[in-house]
Amino acid sequence: MKYLLVLGDGMADYKVDELGGLTPLEAAKKPNIDGLSRKGELGLVKTVPDGMKPASDVANLSVMGYDPKIFYSGRSPLEAVSIGINMKDTDLAVRCNLVTLSQEEDAYEDKVMKDYSAGEISSEEAGELIDYIDEKLGNNILKFYSGVSYRHCLIWDNGTVGLGCTPPHDILERKITEYMPKNNIVSELQKKSYELLKDHPVNRERIKKGLNPANSIWLWGEGKKPMLENFNEKFKLKGSVISAVDLIKGIGICAGLNSVDVEGATGTVHTNFDGKAMAIIEEFRRGQDFIYAHFEAPDECGHQMDIENKVRSIELIDQKVVGPVLDYLKNTEEDFSVMVLPDHPTPLRLRTHTSDPVPFLIYRSGKDCGNGYVYNEENGAKTGIFVSEGHKLIEKFLEV
């Protein structure tokens with residue numbers, strides 16, 4: 001049996017007036033996913049436990065089968081693992097975004113969060129800026145590491161949690177005054193970074209090209225070294241994770257899954273969907289039983305309130321990934337199962353994550369559950385099937 005889990009990050013949503021009162025999942029043309037849904041099992045799952053924030057780390061841990069209440073240790077340590085940082089037990093990892101702040105105000109605290117991704121800055125440009133920040137602000141206690149695009153990492157020797165930080169994607173177009181880190185060291189690092197980056201040659205060139213400058217770092221998502229049970233030992237399956245996002249790669253690596261890098265995978269609607277589909281097929285060909293294929297684009301579009309591309313990203317996942325991989329699986333002699341779901345909703349009108357239950361579908365080759373429903377939020381609720389503890393959904397999928 002082969003198992004494919006397709007995770008459309010932030011894919012679930014609320015009704016959108018501009019889409020004629022439909023959600024992006026309802027508006028998107030997704031014949032492959034809907035075909036699976038009509039013959040499979042459709043329902044809702046609560047991926048975010050009560051009392052926890054609806055963050056991607058919490059929700060993806062849940063979907064992968066790890067109870068966040070037991071295994072959650074912070075977002076940034078998972079990303080650090082993906083980057084290849086060998087954390088000590090005493091280290092604190094902190095996510096370091098390159099962001100765009102408004103430039104008109106004199107005081108740093110009066111600036112507005114214009115762009116949490118600095119215009120989806122390239123990894124090459126970002127690497128130069130993070131190296132410069134590390135040269136100027138790093139020391140034997142604080143060390144900055146470059147990651148992918150706008151996503152980077154600070155390792156703080158003997159740092160402590162509780163820095164009072166806010167994710168930058170939650171405060172777009174807001175003045176940062178009340179969202180400044182409560183920890184003085186962290187807030188000073190951000191202020192100093194603005195003075196260092198605002199006139200950096202990389203940013204001068206970006207401004208000339210009409211691109212958003214990466215004129216500040218923004219620190220958040222701190223945590224200690226993670227410890228997860230081995231997925232392969234837990235479920236007796238050889239597995240791989242395919243994602244452009246360090247967080248998801250880190251969860252996979254900590255779980256003992258093989259992490260596959262795909263050239264041109266960006267985590268946006270412009271990612272290499274074809275390359276990801278081929279990577280899934282190649283992993284199955286080389287004997288892997290389970291693939292966790294993660295797609296960040298719907299979430300990014302939700303944060304940016306990009307209605308057209310949120311719909312388009314769902315359509316591209318269906319057309320360029322689910323379709324070709326299904327064709328491959330159908331031509332093998334093995335039975336297979338496919339599960340499709342988001343980790344959490346990222347509603348366009350809110351531009352941030354929510355804890356609402358999300359729709360899931362499970363399809364098993366050779367079986368027809370006959371529900372007849374296409375895949376969306378409303379139909380997921382109609383079936384009456386509800387998984388109240390998200391980390392148990394994987395057991396249902398894998399028939400453990």
# chains A, B, ... in the order shown; residues from 1 in each chain; ligands from 1
>>> residues_around(residues="Lys382 in chain A", least_positions_apart="4", cutoff="12 Å", atoms="only C-alpha atoms", output="VMD selection string")
chain A and resid 41 to 44 359 371 to 378 386
>>> residues_around(residues="Arg351 in chain A", least_positions_apart="5", cutoff="12 Å", atoms="only C-alpha atoms", output="short mmCIF file (atom, residue, chain, number, x, y, z; two decimals) with N, CA and C atoms, in the first residue's frame")
data_model
loop_
_atom_site.label_atom_id
_atom_site.label_comp_id
_atom_site.auth_asym_id
_atom_site.auth_seq_id
_atom_site.Cartn_x
_atom_site.Cartn_y
_atom_site.Cartn_z
N GLY A 10 -3.33 26.27 4.70
CA GLY A 10 -4.25 27.40 4.77
C GLY A 10 -5.34 27.39 3.72
N ASP A 13 -11.24 28.26 4.05
CA ASP A 13 -11.54 29.70 4.11
C ASP A 13 -13.01 29.90 4.45
N TYR A 14 -13.41 31.17 4.49
CA TYR A 14 -14.81 31.55 4.64
C TYR A 14 -15.36 31.96 3.27
N TYR A 116 5.53 41.05 5.31
CA TYR A 116 6.22 40.10 6.19
C TYR A 116 7.26 39.26 5.45
N PRO A 168 4.86 38.28 12.23
CA PRO A 168 4.67 39.47 11.40
C PRO A 168 3.51 39.36 10.43
N HIS A 169 3.18 38.12 10.00
CA HIS A 169 2.06 37.98 9.06
C HIS A 169 0.72 38.25 9.73
N ASP A 170 0.70 38.35 11.06
CA ASP A 170 -0.55 38.65 11.77
C ASP A 170 -0.80 40.15 11.91
N ILE A 171 0.17 40.97 11.52
CA ILE A 171 0.03 42.42 11.79
C ILE A 171 0.27 43.26 10.54
N LEU A 172 -0.04 42.70 9.36
CA LEU A 172 0.14 43.44 8.12
C LEU A 172 -0.69 44.72 8.12
N GLU A 173 -0.05 45.80 7.66
CA GLU A 173 -0.66 47.13 7.57
C GLU A 173 -1.02 47.72 8.93
N PRO A 298 -1.44 28.38 -0.89
CA PRO A 298 -2.74 28.93 -0.47
C PRO A 298 -2.63 29.77 0.80
N ASP A 299 -1.75 29.38 1.72
CA ASP A 299 -1.56 30.13 2.96
C ASP A 299 -0.97 31.50 2.68
N GLU A 300 0.07 31.54 1.84
CA GLU A 300 0.69 32.82 1.48
C GLU A 300 -0.34 33.76 0.86
N CYS A 301 -1.18 33.23 -0.03
CA CYS A 301 -2.19 34.06 -0.68
C CYS A 301 -3.23 34.54 0.33
N GLY A 302 -3.56 33.70 1.30
CA GLY A 302 -4.50 34.11 2.34
C GLY A 302 -3.96 35.27 3.15
N HIS A 303 -2.68 35.21 3.53
CA HIS A 303 -2.06 36.30 4.28
C HIS A 303 -2.03 37.59 3.47
N GLN A 304 -1.84 37.45 2.17
CA GLN A 304 -1.72 38.62 1.31
C GLN A 304 -3.06 39.11 0.77
N MET A 305 -4.15 38.43 1.16
CA MET A 305 -5.50 38.73 0.67
C MET A 305 -5.53 38.73 -0.86
N ASP A 306 -4.87 37.75 -1.44
CA ASP A 306 -4.80 37.59 -2.89
C ASP A 306 -5.83 36.54 -3.30
N ILE A 307 -7.04 36.99 -3.58
CA ILE A 307 -8.16 36.08 -3.85
C ILE A 307 -7.89 35.25 -5.09
N LYS A 310 -5.20 32.62 -4.59
CA LYS A 310 -5.54 31.54 -3.66
C LYS A 310 -6.34 30.47 -4.41
N PRO A 345 -7.38 26.87 8.48
CA PRO A 345 -7.84 27.89 7.53
C PRO A 345 -6.94 29.13 7.61
N THR A 346 -6.78 29.80 6.47
CA THR A 346 -6.19 31.14 6.45
C THR A 346 -7.16 32.03 5.68
#
>>> atom_distance(atom1="CA of Phe273 in chain A", atom2="CA of Pro167 in chain A")
27.1 Å
>>> select_by_dssp(residues="range 156-386 of chain A", states="strand (DSSP E)", output="short mmCIF file (atom, residue, chain, number, x, y, z; two decimals) with all heavy atoms, in the first residue's frame")
data_model
loop_
_atom_site.label_atom_id
_atom_site.label_comp_id
_atom_site.auth_asym_id
_atom_site.auth_seq_id
_atom_site.Cartn_x
_atom_site.Cartn_y
_atom_site.Cartn_z
N TRP A 156 20.25 31.45 20.12
CA TRP A 156 20.62 32.22 21.31
C TRP A 156 21.08 31.24 22.38
O TRP A 156 20.30 30.47 22.91
CB TRP A 156 19.40 33.01 21.76
CG TRP A 156 19.61 33.97 22.89
CD1 TRP A 156 20.67 34.05 23.74
CD2 TRP A 156 18.70 35.00 23.30
NE1 TRP A 156 20.49 35.05 24.65
CE2 TRP A 156 19.29 35.65 24.40
CE3 TRP A 156 17.45 35.42 22.84
CZ2 TRP A 156 18.65 36.72 25.05
CZ3 TRP A 156 16.83 36.47 23.48
CH2 TRP A 156 17.42 37.11 24.57
N ASP A 157 22.35 31.27 22.67
CA ASP A 157 22.92 30.37 23.69
C ASP A 157 22.34 30.71 25.06
O ASP A 157 22.44 31.85 25.52
CB ASP A 157 24.45 30.51 23.69
CG ASP A 157 25.13 29.50 24.61
OD1 ASP A 157 24.50 28.47 24.92
OD2 ASP A 157 26.27 29.75 25.03
N SER A 216 14.34 45.38 7.76
CA SER A 216 14.41 45.05 9.18
C SER A 216 14.30 43.53 9.35
O SER A 216 13.73 42.84 8.50
CB SER A 216 13.27 45.72 9.95
OG SER A 216 13.33 45.43 11.34
N ILE A 217 14.86 43.04 10.44
CA ILE A 217 14.55 41.67 10.85
C ILE A 217 13.35 41.74 11.79
O ILE A 217 13.08 42.79 12.40
CB ILE A 217 15.74 40.98 11.55
CG1 ILE A 217 16.13 41.70 12.85
CG2 ILE A 217 16.93 40.86 10.60
CD1 ILE A 217 17.14 40.94 13.72
N TRP A 218 12.63 40.64 11.89
CA TRP A 218 11.53 40.53 12.85
C TRP A 218 11.63 39.16 13.49
O TRP A 218 11.60 38.14 12.81
CB TRP A 218 10.18 40.71 12.16
CG TRP A 218 9.06 40.85 13.15
CD1 TRP A 218 8.31 39.87 13.70
CD2 TRP A 218 8.59 42.08 13.73
NE1 TRP A 218 7.39 40.39 14.58
CE2 TRP A 218 7.53 41.74 14.61
CE3 TRP A 218 8.93 43.42 13.57
CZ2 TRP A 218 6.83 42.70 15.34
CZ3 TRP A 218 8.24 44.37 14.30
CH2 TRP A 218 7.20 44.01 15.18
N LEU A 219 11.76 39.14 14.81
CA LEU A 219 12.02 37.90 15.55
C LEU A 219 10.76 37.39 16.24
O LEU A 219 10.01 38.17 16.84
CB LEU A 219 13.14 38.15 16.57
CG LEU A 219 14.47 38.59 15.95
CD1 LEU A 219 15.40 39.18 17.00
CD2 LEU A 219 15.15 37.42 15.24
N TRP A 220 10.55 36.06 16.17
CA TRP A 220 9.33 35.46 16.74
C TRP A 220 9.47 33.94 16.73
O TRP A 220 10.44 33.39 16.21
CB TRP A 220 8.09 35.88 15.95
CG TRP A 220 8.07 35.45 14.51
CD1 TRP A 220 8.83 35.96 13.49
CD2 TRP A 220 7.27 34.43 13.93
NE1 TRP A 220 8.54 35.32 12.31
CE2 TRP A 220 7.58 34.37 12.55
CE3 TRP A 220 6.30 33.57 14.43
CZ2 TRP A 220 6.97 33.48 11.67
CZ3 TRP A 220 5.69 32.67 13.55
CH2 TRP A 220 6.02 32.64 12.19
N GLY A 221 8.49 33.23 17.32
CA GLY A 221 8.40 31.78 17.22
C GLY A 221 9.51 31.03 17.92
O GLY A 221 9.96 29.99 17.45
N GLU A 222 9.95 31.51 19.08
CA GLU A 222 11.09 30.88 19.76
C GLU A 222 10.75 29.53 20.35
O GLU A 222 9.58 29.23 20.63
CB GLU A 222 11.63 31.81 20.85
CG GLU A 222 10.80 31.86 22.13
CD GLU A 222 9.68 32.87 22.09
OE1 GLU A 222 9.40 33.42 21.01
OE2 GLU A 222 9.06 33.09 23.15
N GLY A 223 11.78 28.70 20.55
CA GLY A 223 11.56 27.41 21.18
C GLY A 223 12.86 26.65 21.39
O GLY A 223 13.91 27.02 20.86
N GLY A 239 9.01 6.70 4.99
CA GLY A 239 8.34 7.91 4.55
C GLY A 239 9.25 9.05 4.16
O GLY A 239 10.43 9.08 4.51
N SER A 240 8.67 10.00 3.41
CA SER A 240 9.39 11.20 2.98
C SER A 240 8.49 12.41 3.14
O SER A 240 7.26 12.31 3.10
CB SER A 240 9.81 11.08 1.51
OG SER A 240 10.68 10.01 1.30
N VAL A 241 9.11 13.57 3.30
CA VAL A 241 8.39 14.84 3.33
C VAL A 241 8.92 15.71 2.20
O VAL A 241 10.14 15.76 1.96
CB VAL A 241 8.54 15.55 4.70
CG1 VAL A 241 9.99 15.86 5.02
CG2 VAL A 241 7.70 16.82 4.75
N ILE A 242 8.01 16.36 1.48
CA ILE A 242 8.38 17.23 0.36
C ILE A 242 7.74 18.59 0.60
O ILE A 242 6.52 18.71 0.61
CB ILE A 242 7.92 16.63 -0.98
CG1 ILE A 242 8.60 15.28 -1.23
CG2 ILE A 242 8.22 17.59 -2.13
CD1 ILE A 242 8.08 14.53 -2.43
N ASN A 258 12.52 11.16 5.35
CA ASN A 258 13.47 11.68 4.38
C ASN A 258 12.95 13.01 3.85
O ASN A 258 11.82 13.09 3.37
CB ASN A 258 13.65 10.68 3.23
CG ASN A 258 14.61 11.17 2.18
OD1 ASN A 258 15.69 11.65 2.50
ND2 ASN A 258 14.22 11.08 0.91
N SER A 259 13.76 14.07 3.93
CA SER A 259 13.35 15.38 3.42
C SER A 259 13.92 15.58 2.02
O SER A 259 15.13 15.46 1.81
CB SER A 259 13.84 16.50 4.35
OG SER A 259 13.48 17.77 3.82
N VAL A 260 13.04 15.86 1.07
CA VAL A 260 13.42 15.97 -0.34
C VAL A 260 13.40 17.44 -0.76
O VAL A 260 12.39 18.12 -0.61
CB VAL A 260 12.46 15.17 -1.24
CG1 VAL A 260 12.87 15.28 -2.70
CG2 VAL A 260 12.42 13.71 -0.80
N PHE A 290 5.14 6.20 2.26
CA PHE A 290 4.32 7.33 2.72
C PHE A 290 4.99 8.63 2.29
O PHE A 290 6.18 8.83 2.52
CB PHE A 290 4.18 7.29 4.24
CG PHE A 290 3.58 8.53 4.85
CD1 PHE A 290 2.21 8.74 4.83
CD2 PHE A 290 4.39 9.49 5.44
CE1 PHE A 290 1.66 9.89 5.41
CE2 PHE A 290 3.87 10.63 6.02
CZ PHE A 290 2.49 10.83 6.00
N ILE A 291 4.22 9.52 1.66
CA ILE A 291 4.73 10.83 1.25
C ILE A 291 3.85 11.92 1.85
O ILE A 291 2.62 11.91 1.69
CB ILE A 291 4.74 11.00 -0.29
CG1 ILE A 291 5.46 9.85 -0.98
CG2 ILE A 291 5.38 12.36 -0.65
CD1 ILE A 291 6.93 9.75 -0.70
N TYR A 292 4.48 12.86 2.55
CA TYR A 292 3.80 14.04 3.09
C TYR A 292 4.18 15.20 2.18
O TYR A 292 5.28 15.75 2.25
CB TYR A 292 4.28 14.29 4.52
CG TYR A 292 3.48 15.28 5.33
CD1 TYR A 292 2.51 14.85 6.22
CD2 TYR A 292 3.73 16.65 5.25
CE1 TYR A 292 1.79 15.73 7.00
CE2 TYR A 292 3.01 17.56 6.03
CZ TYR A 292 2.04 17.10 6.90
OH TYR A 292 1.33 17.99 7.67
N ALA A 293 3.26 15.56 1.27
CA ALA A 293 3.53 16.60 0.28
C ALA A 293 2.84 17.89 0.70
O ALA A 293 1.61 17.96 0.74
CB ALA A 293 3.05 16.15 -1.10
N HIS A 294 3.64 18.89 1.00
CA HIS A 294 3.14 20.14 1.58
C HIS A 294 3.24 21.27 0.56
O HIS A 294 4.26 21.44 -0.11
CB HIS A 294 3.97 20.48 2.82
CG HIS A 294 3.68 21.83 3.40
ND1 HIS A 294 4.40 22.95 3.06
CD2 HIS A 294 2.76 22.25 4.31
CE1 HIS A 294 3.94 23.99 3.72
NE2 HIS A 294 2.94 23.59 4.48
N PHE A 295 2.16 22.08 0.48
CA PHE A 295 2.11 23.19 -0.46
C PHE A 295 1.70 24.47 0.29
O PHE A 295 0.59 24.57 0.81
CB PHE A 295 1.12 22.89 -1.59
CG PHE A 295 1.52 21.67 -2.37
CD1 PHE A 295 1.10 20.41 -1.96
CD2 PHE A 295 2.34 21.77 -3.48
CE1 PHE A 295 1.48 19.27 -2.65
CE2 PHE A 295 2.74 20.65 -4.17
CZ PHE A 295 2.32 19.40 -3.76
N PHE A 336 -3.40 1.95 -3.20
CA PHE A 336 -2.94 3.23 -2.66
C PHE A 336 -4.08 3.97 -1.99
O PHE A 336 -5.26 3.73 -2.28
CB PHE A 336 -2.31 4.09 -3.76
CG PHE A 336 -3.27 4.53 -4.84
CD1 PHE A 336 -3.99 5.72 -4.73
CD2 PHE A 336 -3.45 3.75 -5.99
CE1 PHE A 336 -4.86 6.12 -5.73
CE2 PHE A 336 -4.33 4.14 -6.98
CZ PHE A 336 -5.03 5.33 -6.86
N SER A 337 -3.69 4.86 -1.09
CA SER A 337 -4.65 5.75 -0.42
C SER A 337 -4.15 7.18 -0.53
O SER A 337 -2.94 7.43 -0.49
CB SER A 337 -4.80 5.37 1.06
OG SER A 337 -5.40 4.10 1.20
N VAL A 338 -5.07 8.11 -0.66
CA VAL A 338 -4.74 9.53 -0.75
C VAL A 338 -5.57 10.29 0.28
O VAL A 338 -6.78 10.06 0.41
CB VAL A 338 -5.03 10.10 -2.16
CG1 VAL A 338 -4.69 11.59 -2.22
CG2 VAL A 338 -4.27 9.33 -3.23
N MET A 339 -4.92 11.19 1.02
CA MET A 339 -5.63 12.09 1.92
C MET A 339 -5.29 13.52 1.53
O MET A 339 -4.12 13.85 1.30
CB MET A 339 -5.27 11.85 3.38
CG MET A 339 -6.03 12.76 4.34
SD MET A 339 -6.14 12.15 6.04
CE MET A 339 -4.44 12.36 6.61
N VAL A 340 -6.31 14.36 1.45
CA VAL A 340 -6.14 15.78 1.11
C VAL A 340 -6.78 16.61 2.23
O VAL A 340 -7.91 16.33 2.65
CB VAL A 340 -6.81 16.13 -0.24
CG1 VAL A 340 -6.66 17.61 -0.55
CG2 VAL A 340 -6.23 15.27 -1.37
N LEU A 341 -6.05 17.62 2.68
CA LEU A 341 -6.59 18.52 3.70
C LEU A 341 -5.68 19.73 3.86
O LEU A 341 -4.53 19.71 3.46
CB LEU A 341 -6.76 17.81 5.05
CG LEU A 341 -5.52 17.55 5.91
CD1 LEU A 341 -5.93 17.24 7.35
CD2 LEU A 341 -4.65 16.44 5.36
N VAL A 358 -11.15 21.79 9.71
CA VAL A 358 -10.90 21.84 8.26
C VAL A 358 -11.41 20.56 7.61
O VAL A 358 -11.49 19.51 8.24
CB VAL A 358 -9.39 22.01 7.96
CG1 VAL A 358 -8.89 23.35 8.48
CG2 VAL A 358 -8.57 20.87 8.55
N PRO A 359 -11.78 20.64 6.32
CA PRO A 359 -12.27 19.45 5.62
C PRO A 359 -11.13 18.52 5.24
O PRO A 359 -10.06 18.97 4.85
CB PRO A 359 -12.94 20.03 4.38
CG PRO A 359 -12.21 21.30 4.12
CD PRO A 359 -11.84 21.85 5.47
N PHE A 360 -11.36 17.22 5.37
CA PHE A 360 -10.40 16.23 4.90
C PHE A 360 -11.12 15.23 4.01
O PHE A 360 -12.34 15.02 4.14
CB PHE A 360 -9.74 15.49 6.07
CG PHE A 360 -10.62 14.51 6.78
CD1 PHE A 360 -10.73 13.19 6.36
CD2 PHE A 360 -11.38 14.91 7.88
CE1 PHE A 360 -11.56 12.28 7.01
CE2 PHE A 360 -12.22 14.01 8.54
CZ PHE A 360 -12.30 12.69 8.10
N LEU A 361 -10.38 14.65 3.08
CA LEU A 361 -10.91 13.53 2.31
C LEU A 361 -9.90 12.40 2.35
O LEU A 361 -8.69 12.64 2.36
CB LEU A 361 -11.24 13.93 0.87
CG LEU A 361 -10.10 14.10 -0.15
CD1 LEU A 361 -9.68 12.77 -0.79
CD2 LEU A 361 -10.51 15.08 -1.24
N ILE A 362 -10.40 11.18 2.42
CA ILE A 362 -9.58 9.97 2.35
C ILE A 362 -10.14 9.09 1.24
O ILE A 362 -11.32 8.71 1.28
CB ILE A 362 -9.55 9.20 3.68
CG1 ILE A 362 -8.91 10.05 4.79
CG2 ILE A 362 -8.80 7.88 3.52
CD1 ILE A 362 -8.95 9.40 6.16
N TYR A 363 -9.29 8.80 0.26
CA TYR A 363 -9.67 7.93 -0.84
C TYR A 363 -8.81 6.68 -0.82
O TYR A 363 -7.60 6.76 -0.64
CB TYR A 363 -9.49 8.65 -2.18
CG TYR A 363 -9.61 7.72 -3.37
CD1 TYR A 363 -10.84 7.39 -3.90
CD2 TYR A 363 -8.46 7.16 -3.95
CE1 TYR A 363 -10.96 6.54 -4.98
CE2 TYR A 363 -8.57 6.29 -5.04
CZ TYR A 363 -9.82 5.99 -5.55
OH TYR A 363 -9.92 5.13 -6.62
N ARG A 364 -9.44 5.52 -1.01
CA ARG A 364 -8.71 4.26 -1.09
C ARG A 364 -8.99 3.61 -2.44
O ARG A 364 -10.16 3.46 -2.83
CB ARG A 364 -9.11 3.33 0.05
CG ARG A 364 -8.94 3.98 1.43
CD ARG A 364 -9.00 2.98 2.56
NE ARG A 364 -9.12 3.66 3.85
CZ ARG A 364 -8.12 4.26 4.48
NH1 ARG A 364 -6.92 4.25 3.94
NH2 ARG A 364 -8.32 4.85 5.64
N PHE A 386 -16.59 13.71 12.04
CA PHE A 386 -15.78 14.72 12.72
C PHE A 386 -14.71 14.04 13.57
O PHE A 386 -15.02 13.20 14.43
CB PHE A 386 -16.65 15.61 13.60
CG PHE A 386 -15.89 16.69 14.33
CD1 PHE A 386 -15.22 17.68 13.64
CD2 PHE A 386 -15.82 16.69 15.72
CE1 PHE A 386 -14.51 18.66 14.30
CE2 PHE A 386 -15.12 17.68 16.40
CZ PHE A 386 -14.45 18.67 15.69
#
>>> closest_residue(among="A:Leu19, A:Ala59, A:Val45, A:Ile176", to="Lys111 in chain A", atoms="only C-alpha atoms")
A:Ile176
>>> residues_around(residues="Asn215 in chain A", least_positions_apart="5", cutoff="6 Å", atoms="only C-alpha atoms", output="number ranges by chain")
A: 100, 194, 197-198
>>> residues_around(residues="range 313-322 of chain A", least_positions_apart="4", cutoff="9 Å", atoms="only C-alpha atoms", output="ChimeraX atom specification")
/A:6,8,11,24-25,28-33,268-270,273-278,280,295,297-298,301,308-309,326-327
>>> atom_distance(atom1="CA of Glu128 in chain A", atom2="CA of Ser149 in chain A")
11.3 Å
